[in-house]
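Raw contents of query_15.txt, compact mmCIF, C-alpha atoms:
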# COMPACT_ATOMS: atom_id res chain seq x y z
CA MET A 85 78.34 92.71 129.85
CA ASN A 86 81.19 93.28 127.46
CA VAL A 87 83.90 90.91 126.43
CA PRO A 88 87.20 92.21 127.87
CA ILE A 89 89.62 93.51 125.31
CA HIS A 90 92.41 91.06 126.02
CA TYR A 91 90.22 88.29 124.57
CA TYR A 92 90.33 90.11 121.25
CA LEU A 93 94.07 90.65 121.59
CA ILE A 94 94.65 86.94 122.20
CA LEU A 95 92.50 85.99 119.21
CA SER A 96 94.29 88.50 117.01
CA ALA A 97 97.71 87.35 118.15
CA PHE A 98 96.77 83.75 117.45
CA VAL A 99 95.57 84.51 113.94
CA PHE A 100 98.63 86.66 113.26
CA LEU A 101 101.00 83.92 114.43
CA THR A 102 99.17 81.36 112.33
CA GLY A 103 99.65 83.55 109.29
CA LEU A 104 103.30 84.08 110.11
CA VAL A 105 103.93 80.36 110.48
CA GLY A 106 102.10 79.79 107.21
CA VAL A 107 104.31 82.29 105.39
CA LEU A 108 107.38 80.55 106.76
CA VAL A 109 106.45 76.91 106.20
CA ARG A 110 104.30 76.76 103.06
CA ARG A 111 105.91 76.48 99.65
CA ASN A 112 102.99 77.32 97.38
CA ILE A 113 103.24 81.04 96.69
CA ILE A 114 99.48 81.54 96.52
CA VAL A 115 99.04 80.03 99.97
CA ILE A 116 101.78 82.39 101.20
CA LEU A 117 99.74 85.33 99.89
CA LEU A 118 96.66 83.90 101.63
CA CYS A 119 98.61 83.82 104.89
CA VAL A 120 99.53 87.49 104.42
CA GLU A 121 95.78 88.13 104.21
CA LEU A 122 95.40 86.27 107.51
CA MET A 123 97.90 88.61 109.17
CA LEU A 124 96.19 91.70 107.76
CA ASN A 125 92.86 90.47 109.11
CA ALA A 126 94.39 89.93 112.54
CA THR A 127 95.46 93.57 112.64
CA ASN A 128 92.00 94.60 111.50
CA ILE A 129 90.44 92.76 114.44
CA ASN A 130 92.77 94.65 116.76
CA PHE A 131 91.92 98.00 115.18
CA VAL A 132 88.17 97.49 115.49
CA ALA A 133 88.42 96.16 119.05
CA PHE A 134 90.41 99.18 120.18
CA ALA A 135 88.05 101.53 118.33
CA GLU A 136 85.20 100.05 120.37
CA TYR A 137 86.97 100.13 123.71
CA LEU A 138 88.57 103.57 123.40
CA HIS A 139 85.38 105.05 121.82
CA ASP A 140 87.41 106.45 118.96
CA LEU A 141 86.41 105.88 115.36
CA GLY A 142 89.98 106.35 114.14
CA GLY A 143 90.56 102.62 114.50
CA GLN A 144 87.73 101.83 112.13
CA ILE A 145 89.08 104.37 109.65
CA PHE A 146 92.45 102.66 109.67
CA VAL A 147 90.83 99.39 108.66
CA PHE A 148 90.10 101.07 105.34
CA PHE A 149 93.75 101.79 104.81
CA THR A 150 94.65 98.21 105.67
CA LEU A 151 92.02 97.17 103.17
CA THR A 152 93.66 99.36 100.54
CA VAL A 153 97.01 97.76 101.21
CA ALA A 154 95.44 94.30 101.03
CA ALA A 155 93.79 95.06 97.70
CA ALA A 156 97.01 96.48 96.25
CA GLU A 157 98.93 93.50 97.56
CA VAL A 158 96.61 90.96 95.99
CA GLY A 159 96.61 92.79 92.67
CA VAL A 160 100.35 93.27 92.33
CA GLY A 161 101.22 89.99 94.05
CA LEU A 162 99.08 87.86 91.80
CA ALA A 163 100.33 89.73 88.73
CA ILE A 164 103.89 88.88 89.78
CA VAL A 165 102.89 85.27 90.39
CA VAL A 166 101.32 85.01 86.93
CA ALA A 167 104.43 86.57 85.35
CA ILE A 168 106.76 84.18 87.19
CA HIS A 169 104.57 81.23 86.29
CA ARG A 170 104.74 82.26 82.66
CA SER A 171 108.52 82.32 82.64
CA LYS A 172 109.39 79.44 84.99
CA ASP A 173 106.30 77.20 84.84
CA THR A 174 106.08 76.64 88.59
CA ILE A 175 104.61 78.31 91.67
CA ASN A 176 106.85 76.57 94.18
CA VAL A 177 108.99 79.16 95.95
CA GLU A 178 111.84 76.67 96.34
CA GLU A 179 112.49 76.93 92.62
CA PHE A 180 112.57 80.71 92.41
CA ASN A 181 116.26 81.51 92.12
CA LEU A 182 116.27 84.35 89.63
CA LEU A 183 118.50 86.45 91.87
CA LYS A 184 121.17 83.76 92.22
CA TRP A 185 123.83 83.17 89.65
CA MET B 265 75.27 86.53 125.65
CA ALA B 266 78.17 88.60 124.35
CA TYR B 267 80.50 85.83 125.45
CA VAL B 268 78.55 83.26 123.48
CA PHE B 269 78.83 85.25 120.26
CA PHE B 270 82.47 86.06 120.84
CA GLY B 271 83.24 82.43 121.61
CA TYR B 272 81.55 81.21 118.46
CA PHE B 273 83.19 83.74 116.16
CA ALA B 274 86.61 83.44 117.79
CA GLY B 275 86.48 79.65 117.70
CA VAL B 276 85.60 79.49 114.03
CA ILE B 277 88.17 82.19 113.17
CA ALA B 278 90.94 80.32 114.98
CA LEU B 279 89.94 76.97 113.46
CA THR B 280 89.75 78.25 109.89
CA ALA B 281 93.00 80.20 110.28
CA VAL B 282 94.74 76.95 111.18
CA LEU B 283 93.00 75.21 108.28
CA VAL B 284 94.27 77.83 105.80
CA VAL B 285 97.81 76.89 106.74
CA ALA B 286 97.29 73.17 107.24
CA LEU B 287 95.25 72.13 104.19
CA ARG B 288 97.24 70.76 101.28
CA ASN B 289 94.99 71.85 98.43
CA PRO B 290 95.17 75.63 97.79
CA VAL B 291 91.50 75.68 96.75
CA TYR B 292 90.49 74.39 100.18
CA SER B 293 92.81 76.94 101.81
CA ALA B 294 91.07 79.73 99.93
CA LEU B 295 87.63 78.43 100.90
CA ALA B 296 88.67 78.20 104.57
CA LEU B 297 89.81 81.81 104.28
CA LEU B 298 86.37 82.68 102.90
CA VAL B 299 84.70 81.19 106.01
CA MET B 300 87.16 83.15 108.15
CA PHE B 301 86.29 86.41 106.40
CA PHE B 302 82.59 85.85 107.08
CA HIS B 303 83.22 85.27 110.77
CA VAL B 304 85.51 88.28 111.07
CA ALA B 305 82.62 90.27 109.60
CA GLY B 306 80.37 88.82 112.30
CA LEU B 307 82.88 89.87 114.92
CA TYR B 308 82.73 93.41 113.53
CA VAL B 309 78.98 93.45 114.15
CA THR B 310 79.48 92.54 117.80
CA LEU B 311 82.00 95.41 117.99
CA ARG B 312 79.41 97.83 116.54
CA ALA B 313 81.23 98.43 113.26
CA GLU B 314 78.34 97.80 110.89
CA PHE B 315 79.81 99.61 107.92
CA LEU B 316 83.01 97.62 108.17
CA PHE B 317 80.87 94.47 108.24
CA ALA B 318 79.49 95.33 104.81
CA VAL B 319 82.89 96.39 103.51
CA GLN B 320 84.48 93.19 104.76
CA LEU B 321 81.88 91.08 102.99
CA MET B 322 82.06 93.00 99.72
CA VAL B 323 85.79 93.66 99.42
CA TYR B 324 87.38 90.69 101.14
CA ALA B 325 84.89 87.92 100.55
CA GLY B 326 83.61 89.33 97.28
CA ALA B 327 86.60 90.73 95.44
CA ILE B 328 89.90 89.60 96.96
CA LEU B 329 88.95 85.99 97.48
CA ILE B 330 87.53 85.60 93.98
CA PHE B 331 90.86 86.91 92.72
CA TYR B 332 92.71 84.27 94.73
CA LEU B 333 90.45 81.49 93.54
CA PHE B 334 90.99 82.61 89.95
CA ALA B 335 94.76 82.54 90.47
CA VAL B 336 94.66 79.11 92.13
CA MET B 337 92.65 77.57 89.31
CA PHE B 338 94.67 79.37 86.66
CA LEU B 339 98.08 78.40 87.98
CA THR B 340 97.69 74.94 89.48
CA GLU B 341 99.34 72.61 87.02
CA LYS B 342 97.41 69.38 86.95
CA THR B 343 93.83 69.59 87.99
CA PRO B 344 92.48 66.40 89.56
CA ASP B 345 89.52 64.88 87.80
CA ARG B 346 87.25 65.13 90.80
CA TYR B 347 86.84 68.86 90.25
CA HIS B 348 84.85 68.03 87.15
CA ILE B 349 82.52 65.53 88.77
CA GLN B 350 79.18 67.00 89.81
CA SER B 351 77.23 64.99 92.33
CA TRP B 352 73.47 64.59 92.04
CA GLY B 353 72.98 65.85 95.58
CA SER B 354 74.04 69.32 94.51
CA LEU B 355 71.35 69.29 91.83
CA LEU B 356 68.79 68.53 94.54
CA ILE B 357 69.99 71.38 96.77
CA GLY B 358 70.21 73.83 93.89
CA GLY B 359 66.70 72.93 92.74
CA ALA B 360 65.34 73.47 96.24
CA ILE B 361 66.99 76.90 96.40
CA ILE B 362 65.56 77.87 93.00
CA VAL B 363 62.05 76.83 94.06
CA GLU B 364 62.36 78.74 97.33
CA THR B 365 63.59 81.88 95.56
CA ALA B 366 60.73 81.67 93.08
CA VAL B 367 58.21 81.33 95.94
CA LEU B 368 59.67 84.30 97.80
CA VAL B 369 59.77 86.52 94.71
CA GLY B 370 56.23 85.49 93.82
CA GLN B 371 54.93 86.43 97.27
CA HIS B 372 56.59 89.82 97.09
CA SER B 373 55.31 90.68 93.64
CA VAL B 374 51.79 89.82 94.80
CA SER B 375 52.01 91.90 97.95
CA PHE B 376 53.49 94.89 96.16
CA GLY B 377 50.28 95.30 94.24
CA SER B 378 47.63 96.82 96.50
CA THR B 379 47.77 96.01 100.18
CA VAL B 380 51.09 97.57 101.13
CA GLU B 381 50.80 101.27 101.77
CA ARG B 382 53.86 103.40 101.79
CA THR B 383 55.21 104.88 104.95
CA ALA B 384 57.01 108.17 104.73
CA LEU B 385 60.74 107.73 105.02
CA SER B 386 61.69 109.77 108.03
CA PRO B 387 65.29 110.89 108.30
CA PRO B 388 67.21 108.92 110.89
CA SER B 389 67.27 110.84 114.12
CA GLU B 390 70.51 109.43 115.40
CA GLU B 391 73.83 109.50 113.62
CA GLY B 392 74.79 105.96 112.66
CA ASN B 393 78.09 104.22 112.16
CA THR B 394 78.26 104.92 108.43
CA GLU B 395 77.54 108.63 108.81
CA SER B 396 80.17 109.17 111.46
CA ILE B 397 82.79 107.20 109.51
CA GLY B 398 82.07 109.24 106.39
CA GLN B 399 82.21 112.45 108.37
CA LEU B 400 85.58 111.53 109.85
CA LEU B 401 87.00 110.17 106.60
CA TYR B 402 86.30 113.34 104.65
CA THR B 403 87.45 115.79 107.31
CA SER B 404 90.25 114.60 109.58
CA TYR B 405 91.51 111.76 107.41
CA LEU B 406 91.15 113.39 104.01
CA PHE B 407 94.84 113.34 103.13
CA PRO B 408 95.40 109.62 104.02
CA PHE B 409 92.25 108.86 102.06
CA GLU B 410 93.72 110.49 98.96
CA VAL B 411 97.01 108.67 99.50
CA ALA B 412 95.07 105.40 99.66
CA SER B 413 93.47 106.16 96.31
CA LEU B 414 96.92 106.88 94.89
CA ILE B 415 98.15 103.51 96.18
CA LEU B 416 95.26 101.79 94.44
CA LEU B 417 95.99 103.62 91.20
CA VAL B 418 99.67 102.66 91.29
CA ALA B 419 98.78 99.04 92.10
CA MET B 420 96.35 98.93 89.19
CA ILE B 421 98.91 100.27 86.72
CA GLY B 422 101.55 97.94 88.13
CA ALA B 423 99.32 94.90 87.79
CA VAL B 424 98.50 95.75 84.17
CA VAL B 425 102.16 96.32 83.27
CA LEU B 426 103.35 93.17 85.05
CA SER B 427 100.82 90.90 83.45
CA LYS B 428 101.45 92.27 79.96
CA LYS B 429 105.21 92.02 79.91
CA ASP B 430 106.78 88.65 79.34
CA LEU B 431 109.52 88.06 81.88
CA SER B 432 111.24 85.31 79.91
CA GLU B 433 112.36 87.55 77.07
CA SER B 434 115.59 89.43 77.49
CA PRO B 435 115.37 93.12 78.38
CA PRO B 436 115.88 95.45 75.40
CA SER B 437 119.15 97.04 76.39
What's the structure tokens form of this structure?
Amino acid sequence: MNVPIHYYLILSAFVFLTGLVGVLVRRNIIVILLCVELMLNATNINFVAFAEYLHDLGGQIFVFFTLTVAAAEVGVGLAIVVAIHRSKDTINVEEFNLLKW
Amino acid sequence: MAYVFFGYFAGVIALTAVLVVALRNPVYSALALLVMFFHVAGLYVTLRAEFLFAVQLMVYAGAILIFYLFAVMFLTEKTPDRYHIQSWGSLLIGGAIIVETAVLVGQHSVSFGSTVERTALSPPSEEGNTESIGQLLYTSYLFPFEVASLILLVAMIGAVVLSKKDLSESPPS
């Protein structure tokens, strides 16, 4: 008795949309990065569910590459956040206007 | 039975995903994300991806989330005083855990002495999840694997350079 795959797809879509809404509405840049992690996890759930249902391990392999991207994102992203915080003393994205003049 | 497990994991994942977005305090958002990572790992077990379960716990819950918590506590401007208040209930729980750990370790060190006889470690007859993933990763997906390691190297160098340079000073040109 297996759970049909569209249950996993609905769960993954819900988590992905939650992360997307979080990226759009939150103003704390660390919470925005957390929401990006939510979206990456939603894709991971999809990959593993399809790997199980298509009997192909390639989906599980791709989770590793998503994991690599997530690790690189958190490293570089938080370094940028620390650098911006050092120069502007805030982590509110509304006050980042370095590209305006 | 599969539906029960899926329902539990999916429910907690959906709830904590909403909490990550909805909670005001970034520390609570990060902790909700931690709970979500654990339940995604549980979902991987029901999908027969045991190696990814371990990787999810170690990399996501262990490394990435600690990094986020460090950044939250490092960058949040004014820390409320209630972070520094320790309740006496936590001392009780921590003491109970210490006593239980001591009892468990004590039992094991006693039983290791004489009564337990070793069984020969037979090689696993069937190829497991970890073996097949390793086999595939080092044959068919060798080139993407190397590219992934290059991405990690570039990210590491980039993080070091970014956190050393001070953005407020004018560029030397």
For Val160 in chain A: contacts at 10 Å, all atoms listed in the file, fewer than 3 positions along chain excluded, given as number ranges by chain: A: 155-157, 163-166; B: 418-427
Atomic distance CA of Phe98 in chain A - CA of Leu416 in chain B, expressed in Å with one decimal: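 We find that CA of Phe98 in chain A and CA of Leu416 in chain B lie 29.3 Å from each other.
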For a test of reading the model, state the distance in Å between CA of Phe134 in chain A and CA of Leu307 in chain B, rounded to one decimal.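 Between CA of Phe134 in chain A and CA of Leu307 in chain B the gap works out to 13.1 Å.
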Select, from B:Ala294, B:Leu401, B:Leu406, B:Val282, the residue with the minimum atom-to-atom distance to Phe334 in chain B, counting all atoms listed in the file. B:Ala294
Work out how far CA of Phe302 in chain B is from CA of Glu136 in chain A, in Å to one decimal. 19.6 Å
Padding 6 Å on every side, please: axis-aligned box over the listed atoms of range 293-306 of chain B, centre and edge lengths to one decimal in Å, as JSON.
{"center_x": 86.6, "center_y": 83.6, "center_z": 106.1, "size_x": 24.4, "size_y": 25.3, "size_z": 24.4}
List as a PyMOL selection string: which residues have an atom within 12 Å of (102.3, 76.4, 88.0), counting all atoms listed in the file? (chain A and resi 112-114+165-177+179-180) or (chain B and resi 335-343)
List the neighbours of range 265-273 of chain B out to 12 Å using only C-alpha atoms; skip same-chain residues closer than 6 positions along the sequence, and give me the result as a list in words.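 Once the nearby chain positions are removed, what remains is Met85, Asn86, Val87, Pro88, Ile89, Tyr91, Tyr92, Leu95, Ile129 and Ala133 of chain A; Leu279, Thr280, Ala281, Val299, Met300, Phe301, Phe302, His303, Val304, Ala305, Gly306, Leu307, Tyr308, Val309, Thr310 and Leu311 of chain B.
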Atoms added to range 90-121 of chain A (N, CA and C atoms), reported as a PDB file, in the coordinates of the input:
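New file result-v9.pdb:
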ATOM      1  N   HIS A  90      91.272  91.943 126.234  1.00  0.00           N
ATOM      2  CA  HIS A  90      92.410  91.060 126.020  1.00  0.00           C
ATOM      3  C   HIS A  90      91.987  89.765 125.325  1.00  0.00           C
ATOM      4  N   TYR A  91      90.677  89.430 125.358  1.00  0.00           N
ATOM      5  CA  TYR A  91      90.220  88.290 124.570  1.00  0.00           C
ATOM      6  C   TYR A  91      90.471  88.555 123.077  1.00  0.00           C
ATOM      7  N   TYR A  92      90.118  89.776 122.663  1.00  0.00           N
ATOM      8  CA  TYR A  92      90.330  90.110 121.250  1.00  0.00           C
ATOM      9  C   TYR A  92      91.808  90.117 120.918  1.00  0.00           C
ATOM     10  N   LEU A  93      92.624  90.601 121.860  1.00  0.00           N
ATOM     11  CA  LEU A  93      94.070  90.650 121.590  1.00  0.00           C
ATOM     12  C   LEU A  93      94.633  89.244 121.440  1.00  0.00           C
ATOM     13  N   ILE A  94      94.143  88.314 122.290  1.00  0.00           N
ATOM     14  CA  ILE A  94      94.650  86.940 122.200  1.00  0.00           C
ATOM     15  C   ILE A  94      94.230  86.315 120.870  1.00  0.00           C
ATOM     16  N   LEU A  95      92.965  86.534 120.496  1.00  0.00           N
ATOM     17  CA  LEU A  95      92.500  85.990 119.210  1.00  0.00           C
ATOM     18  C   LEU A  95      93.321  86.546 118.059  1.00  0.00           C
ATOM     19  N   SER A  96      93.545  87.863 118.087  1.00  0.00           N
ATOM     20  CA  SER A  96      94.290  88.500 117.010  1.00  0.00           C
ATOM     21  C   SER A  96      95.727  88.004 116.952  1.00  0.00           C
ATOM     22  N   ALA A  97      96.340  87.843 118.125  1.00  0.00           N
ATOM     23  CA  ALA A  97      97.710  87.350 118.150  1.00  0.00           C
ATOM     24  C   ALA A  97      97.783  85.926 117.609  1.00  0.00           C
ATOM     25  N   PHE A  98      96.776  85.125 117.948  1.00  0.00           N
ATOM     26  CA  PHE A  98      96.770  83.750 117.450  1.00  0.00           C
ATOM     27  C   PHE A  98      96.658  83.714 115.935  1.00  0.00           C
ATOM     28  N   VAL A  99      95.744  84.506 115.391  1.00  0.00           N
ATOM     29  CA  VAL A  99      95.570  84.510 113.940  1.00  0.00           C
ATOM     30  C   VAL A  99      96.821  85.041 113.251  1.00  0.00           C
ATOM     31  N   PHE A 100      97.417  86.088 113.853  1.00  0.00           N
ATOM     32  CA  PHE A 100      98.630  86.660 113.260  1.00  0.00           C
ATOM     33  C   PHE A 100      99.765  85.635 113.246  1.00  0.00           C
ATOM     34  N   LEU A 101      99.919  84.909 114.371  1.00  0.00           N
ATOM     35  CA  LEU A 101     101.000  83.920 114.430  1.00  0.00           C
ATOM     36  C   LEU A 101     100.747  82.786 113.448  1.00  0.00           C
ATOM     37  N   THR A 102      99.478  82.403 113.306  1.00  0.00           N
ATOM     38  CA  THR A 102      99.170  81.360 112.330  1.00  0.00           C
ATOM     39  C   THR A 102      99.569  81.791 110.923  1.00  0.00           C
ATOM     40  N   GLY A 103      99.257  83.053 110.594  1.00  0.00           N
ATOM     41  CA  GLY A 103      99.650  83.550 109.290  1.00  0.00           C
ATOM     42  C   GLY A 103     101.153  83.600 109.118  1.00  0.00           C
ATOM     43  N   LEU A 104     101.834  83.993 110.185  1.00  0.00           N
ATOM     44  CA  LEU A 104     103.300  84.080 110.110  1.00  0.00           C
ATOM     45  C   LEU A 104     103.920  82.711 109.888  1.00  0.00           C
ATOM     46  N   VAL A 105     103.425  81.720 110.653  1.00  0.00           N
ATOM     47  CA  VAL A 105     103.930  80.360 110.480  1.00  0.00           C
ATOM     48  C   VAL A 105     103.630  79.862 109.070  1.00  0.00           C
ATOM     49  N   GLY A 106     102.439  80.205 108.562  1.00  0.00           N
ATOM     50  CA  GLY A 106     102.100  79.790 107.210  1.00  0.00           C
ATOM     51  C   GLY A 106     103.037  80.384 106.177  1.00  0.00           C
ATOM     52  N   VAL A 107     103.373  81.664 106.342  1.00  0.00           N
ATOM     53  CA  VAL A 107     104.310  82.290 105.390  1.00  0.00           C
ATOM     54  C   VAL A 107     105.646  81.576 105.438  1.00  0.00           C
ATOM     55  N   LEU A 108     106.054  81.145 106.651  1.00  0.00           N
ATOM     56  CA  LEU A 108     107.380  80.550 106.760  1.00  0.00           C
ATOM     57  C   LEU A 108     107.416  79.103 106.291  1.00  0.00           C
ATOM     58  N   VAL A 109     106.335  78.345 106.483  1.00  0.00           N
ATOM     59  CA  VAL A 109     106.450  76.910 106.200  1.00  0.00           C
ATOM     60  C   VAL A 109     105.869  76.493 104.857  1.00  0.00           C
ATOM     61  N   ARG A 110     104.911  77.231 104.313  1.00  0.00           N
ATOM     62  CA  ARG A 110     104.300  76.760 103.060  1.00  0.00           C
ATOM     63  C   ARG A 110     105.202  77.064 101.877  1.00  0.00           C
ATOM     64  N   ARG A 111     105.086  76.265 100.819  1.00  0.00           N
ATOM     65  CA  ARG A 111     105.910  76.480  99.650  1.00  0.00           C
ATOM     66  C   ARG A 111     105.124  76.916  98.427  1.00  0.00           C
ATOM     67  N   ASN A 112     103.810  76.825  98.479  1.00  0.00           N
ATOM     68  CA  ASN A 112     102.990  77.320  97.380  1.00  0.00           C
ATOM     69  C   ASN A 112     102.827  78.832  97.543  1.00  0.00           C
ATOM     70  N   ILE A 113     103.185  79.576  96.513  1.00  0.00           N
ATOM     71  CA  ILE A 113     103.240  81.040  96.690  1.00  0.00           C
ATOM     72  C   ILE A 113     101.857  81.633  96.865  1.00  0.00           C
ATOM     73  N   ILE A 114     100.828  81.002  96.329  1.00  0.00           N
ATOM     74  CA  ILE A 114      99.480  81.540  96.520  1.00  0.00           C
ATOM     75  C   ILE A 114      99.032  81.368  97.961  1.00  0.00           C
ATOM     76  N   VAL A 115      99.391  80.231  98.566  1.00  0.00           N
ATOM     77  CA  VAL A 115      99.040  80.030  99.970  1.00  0.00           C
ATOM     78  C   VAL A 115      99.809  81.018 100.850  1.00  0.00           C
ATOM     79  N   ILE A 116     101.026  81.375 100.446  1.00  0.00           N
ATOM     80  CA  ILE A 116     101.780  82.390 101.200  1.00  0.00           C
ATOM     81  C   ILE A 116     101.031  83.722 101.154  1.00  0.00           C
ATOM     82  N   LEU A 117     100.514  84.085  99.969  1.00  0.00           N
ATOM     83  CA  LEU A 117      99.740  85.330  99.890  1.00  0.00           C
ATOM     84  C   LEU A 117      98.467  85.248 100.737  1.00  0.00           C
ATOM     85  N   LEU A 118      97.835  84.076 100.768  1.00  0.00           N
ATOM     86  CA  LEU A 118      96.660  83.900 101.630  1.00  0.00           C
ATOM     87  C   LEU A 118      97.015  84.113 103.091  1.00  0.00           C
ATOM     88  N   CYS A 119      98.200  83.653 103.493  1.00  0.00           N
ATOM     89  CA  CYS A 119      98.610  83.820 104.890  1.00  0.00           C
ATOM     90  C   CYS A 119      98.894  85.280 105.200  1.00  0.00           C
ATOM     91  N   VAL A 120      99.372  86.044 104.210  1.00  0.00           N
ATOM     92  CA  VAL A 120      99.530  87.490 104.420  1.00  0.00           C
ATOM     93  C   VAL A 120      98.159  88.121 104.669  1.00  0.00           C
ATOM     94  N   GLU A 121      97.138  87.638 103.947  1.00  0.00           N
ATOM     95  CA  GLU A 121      95.780  88.130 104.210  1.00  0.00           C
ATOM     96  C   GLU A 121      95.340  87.817 105.635  1.00  0.00           C
TER      97      GLU A 121
END
